[in-house]
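Student: This is the structure I want to talk about, given as structure tokens.
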Amino acid sequence: MDGVTAFLIIILVILAIVVGVGITVAVLVSRGVLTLVKLSKPKYESAKRSAFKVRAEATSGPAGEIMKQRVHLADSLEATRRSLEAAAGTRQYTGNLGSIFTTLVHAGTVLETQLLVAQRDPDPAVQAVYAKTLGVQVEQVAGTATGIRNALASAASPMSEVDLSDLTRTLEIEATMLKNWSATYTGLAE
């Protein structure tokens, strides 16, 4: 092997190492950026939601009323979503509540769009009509969302004392049987 061939092989090995390190660094950086975005997005959304709540409380008139309705609608749907996720996470039976909630979210999305249009209307008189009309619908959606959470809560009723009494009685019987079995077994071994 002559010197030029050895030099080319060394250059190719160095180039392969540099490309490998470059790709590794690029992958690590992109994953880090994606992780950072995933971690910061909920915090950004939370801050945005909090700022909107403050703005809704500070705004008066029909525009403020519409903003408060938007906050109420979003809060009730979010609370119900969290309740359903918690129930599903603990494998609590939810029946058709998930599909009911999906339909409710769709209605909430349509209602949110209407509230946004109402909020952007330049005429306070028209905003007042929107606030009155849409306020009834917001309360219906929020009431249904509360009904879903109440249904989940009632399905998670605690054990009654009868169940605990039966369990205690069964435990006492098992303990007596084990004690008798132990005495019999040790008696046979002698």
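For the structure tokens, the naming scheme is as follows: chains receive sequential letters (A, B, ...) according to their order of presentation, residues are indexed from 1 within each chain, and ligands are indexed from 1 in presentation order.
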Within 7 Å of segment 41-63 of chain A, which residues of segment 83-136 of chain A show up? Give each one with its shortest atom-to-atom distance in Å (one decimal) and the two atoms involved, counting only C-alpha atoms, rows by chain then rising residue number, as JSON lines.

Tutor:
{"residue": "A:Gln119", "atom": "CA", "partner": "A:Ala63", "partner_atom": "CA", "distance": 5.6}
{"residue": "A:Pro124", "atom": "CA", "partner": "A:Pro62", "partner_atom": "CA", "distance": 6.3}
{"residue": "A:Gln127", "atom": "CA", "partner": "A:Pro62", "partner_atom": "CA", "distance": 5.6}
{"residue": "A:Ala128", "atom": "CA", "partner": "A:Pro62", "partner_atom": "CA", "distance": 5.0}
{"residue": "A:Ala131", "atom": "CA", "partner": "A:Pro62", "partner_atom": "CA", "distance": 6.4}

Student: My list of candidates is A:Thr35, A:Ser99, A:Gln69, A:Ser40. Which is closest to Ile148 of chain A when distances are computed with only C-alpha atoms?

Tutor: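 Looking at the shortest contact to Ile148 of chain A, the residue is A:Ser99.
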
Student: Hey, can you check how far atom CA of Thr80 of chain A sits from atom CA of Thr146 of chain A?

Tutor: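 Those two atoms sit 7.2 Å apart.
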
Student: My list of candidates is A:Val141, A:Val13, A:Leu115, A:Ala87. Which is closest to Phe101 of chain A when distances are computed with only C-alpha atoms?

Tutor: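 Between A:Val141, A:Val13, A:Leu115, A:Ala87, the residue approaching Phe101 of chain A most closely is A:Val141.
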
Student: Taking only C-alpha atoms into account, which of A:Ala145, A:Val21, A:Ala79, A:Ala16 comes nearest Thr103 of chain A?

Tutor: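 Among the listed residues, A:Ala145 lies closest to Thr103 of chain A.
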
Student: For a test of reading the model, state the distance in Å between atom CA of Thr102 of chain A and atom CA of Ile66 of chain A, rounded to one decimal.

Tutor: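 Straight-line distance from atom CA of Thr102 of chain A to atom CA of Ile66 of chain A works out to 23.6 Å.
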
Student: Residues within 12 Å of Gln137 of chain A, please, as a ChimeraX atom specification. Count only C-alpha atoms; anything in the same chain fewer than 4 positions from it doesn't count.

Tutor: /A:69-70,72-73,104,107-108,110-112,114-115,130-133,141-144

Student: Please provide the set of residues having any atom within 12 Å of Glu85 of chain A, restricted to only C-alpha atoms, with same-chain residues fewer than 4 positions apart removed, written as a list in words.

Tutor: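 Those residues are Glu78, Ala79, Thr80, Arg81, Gly89, Thr90, Arg91, Gln92, Tyr93, Thr94, Leu97, Gly98, Phe101, Arg149 and Leu152 of chain A.
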
Student: Store the residues of this selection in a file with all heavy atoms, as a short mmCIF file (atom, residue, chain, number, x, y, z; two decimals), in the first residue's frame.

Tutor:
data_model
loop_
_atom_site.label_atom_id
_atom_site.label_comp_id
_atom_site.auth_asym_id
_atom_site.auth_seq_id
_atom_site.Cartn_x
_atom_site.Cartn_y
_atom_site.Cartn_z
N GLU A 78 -62.67 21.31 30.36
CA GLU A 78 -61.35 20.83 30.81
C GLU A 78 -61.48 20.00 32.08
O GLU A 78 -60.85 18.95 32.22
CB GLU A 78 -60.42 22.02 31.04
CG GLU A 78 -59.05 21.65 31.58
CD GLU A 78 -58.23 20.77 30.66
OE1 GLU A 78 -58.51 20.71 29.45
OE2 GLU A 78 -57.28 20.13 31.15
N ALA A 79 -62.30 20.44 33.02
CA ALA A 79 -62.50 19.69 34.27
C ALA A 79 -63.11 18.31 33.97
O ALA A 79 -62.70 17.31 34.56
CB ALA A 79 -63.39 20.47 35.22
N THR A 80 -64.04 18.26 33.05
CA THR A 80 -64.67 16.99 32.70
C THR A 80 -63.68 16.08 31.98
O THR A 80 -63.64 14.87 32.23
CB THR A 80 -65.92 17.24 31.83
OG1 THR A 80 -66.79 18.13 32.53
CG2 THR A 80 -66.65 15.96 31.52
N ARG A 81 -62.85 16.64 31.11
CA ARG A 81 -61.83 15.85 30.43
C ARG A 81 -60.87 15.21 31.44
O ARG A 81 -60.56 14.03 31.37
CB ARG A 81 -61.04 16.70 29.43
CG ARG A 81 -59.98 15.90 28.64
CD ARG A 81 -59.00 16.81 27.92
NE ARG A 81 -58.26 17.68 28.80
CZ ARG A 81 -57.25 17.31 29.59
NH1 ARG A 81 -56.85 16.06 29.61
NH2 ARG A 81 -56.63 18.18 30.36
N GLY A 89 -57.90 6.11 33.82
CA GLY A 89 -56.59 5.72 34.35
C GLY A 89 -56.69 4.73 35.49
O GLY A 89 -55.79 3.93 35.70
N THR A 90 -57.79 4.78 36.22
CA THR A 90 -57.99 3.84 37.33
C THR A 90 -58.91 2.69 36.93
O THR A 90 -59.33 1.91 37.78
CB THR A 90 -58.60 4.56 38.55
OG1 THR A 90 -59.84 5.15 38.17
CG2 THR A 90 -57.66 5.62 39.08
N ARG A 91 -59.25 2.64 35.65
CA ARG A 91 -60.11 1.59 35.08
C ARG A 91 -61.50 1.58 35.68
O ARG A 91 -62.14 0.54 35.80
CB ARG A 91 -59.44 0.23 35.23
CG ARG A 91 -58.17 0.12 34.44
CD ARG A 91 -57.60 -1.24 34.52
NE ARG A 91 -56.36 -1.26 33.74
CZ ARG A 91 -55.51 -2.24 33.80
NH1 ARG A 91 -55.74 -3.27 34.59
NH2 ARG A 91 -54.41 -2.21 33.09
N GLN A 92 -61.98 2.74 36.06
CA GLN A 92 -63.35 2.87 36.54
C GLN A 92 -64.28 2.74 35.35
O GLN A 92 -64.01 3.26 34.27
CB GLN A 92 -63.55 4.22 37.22
CG GLN A 92 -64.97 4.47 37.68
CD GLN A 92 -65.14 5.85 38.29
OE1 GLN A 92 -64.17 6.45 38.71
NE2 GLN A 92 -66.35 6.33 38.33
N TYR A 93 -65.37 2.05 35.53
CA TYR A 93 -66.34 1.89 34.45
C TYR A 93 -66.97 3.25 34.15
O TYR A 93 -67.49 3.91 35.04
CB TYR A 93 -67.42 0.88 34.84
CG TYR A 93 -68.47 0.70 33.78
CD1 TYR A 93 -68.17 0.08 32.58
CD2 TYR A 93 -69.75 1.19 33.96
CE1 TYR A 93 -69.12 -0.08 31.59
CE2 TYR A 93 -70.72 1.04 32.99
CZ TYR A 93 -70.40 0.40 31.80
OH TYR A 93 -71.34 0.26 30.82
N THR A 94 -66.91 3.65 32.88
CA THR A 94 -67.47 4.94 32.49
C THR A 94 -68.66 4.82 31.55
O THR A 94 -69.27 5.82 31.22
CB THR A 94 -66.39 5.82 31.82
OG1 THR A 94 -65.89 5.15 30.67
CG2 THR A 94 -65.26 6.14 32.78
N LEU A 97 -70.09 7.52 28.85
CA LEU A 97 -69.75 8.91 29.19
C LEU A 97 -68.68 9.48 28.25
O LEU A 97 -68.69 10.66 27.95
CB LEU A 97 -69.30 9.01 30.64
CG LEU A 97 -70.37 8.71 31.69
CD1 LEU A 97 -69.79 8.81 33.09
CD2 LEU A 97 -71.55 9.66 31.52
N GLY A 98 -67.78 8.63 27.78
CA GLY A 98 -66.74 9.10 26.85
C GLY A 98 -67.33 9.61 25.55
O GLY A 98 -66.96 10.67 25.05
N PHE A 101 -69.19 12.79 26.15
CA PHE A 101 -68.25 13.90 26.29
C PHE A 101 -67.70 14.32 24.93
O PHE A 101 -67.53 15.52 24.67
CB PHE A 101 -67.11 13.54 27.24
CG PHE A 101 -66.12 14.66 27.41
CD1 PHE A 101 -66.48 15.84 28.04
CD2 PHE A 101 -64.83 14.53 26.93
CE1 PHE A 101 -65.58 16.87 28.18
CE2 PHE A 101 -63.93 15.55 27.07
CZ PHE A 101 -64.29 16.73 27.69
N ARG A 149 -69.44 14.61 35.26
CA ARG A 149 -68.56 14.46 36.45
C ARG A 149 -69.34 13.88 37.63
O ARG A 149 -68.82 13.04 38.36
CB ARG A 149 -67.93 15.81 36.82
CG ARG A 149 -66.92 16.28 35.79
CD ARG A 149 -66.06 17.43 36.28
NE ARG A 149 -66.78 18.57 36.79
CZ ARG A 149 -67.27 19.57 36.05
NH1 ARG A 149 -67.12 19.55 34.74
NH2 ARG A 149 -67.88 20.58 36.62
N LEU A 152 -69.75 10.19 37.10
CA LEU A 152 -68.50 9.49 37.45
C LEU A 152 -68.35 9.36 38.95
O LEU A 152 -67.96 8.31 39.46
CB LEU A 152 -67.30 10.26 36.88
CG LEU A 152 -67.03 10.10 35.40
CD1 LEU A 152 -65.94 11.06 34.95
CD2 LEU A 152 -66.65 8.67 35.07
#
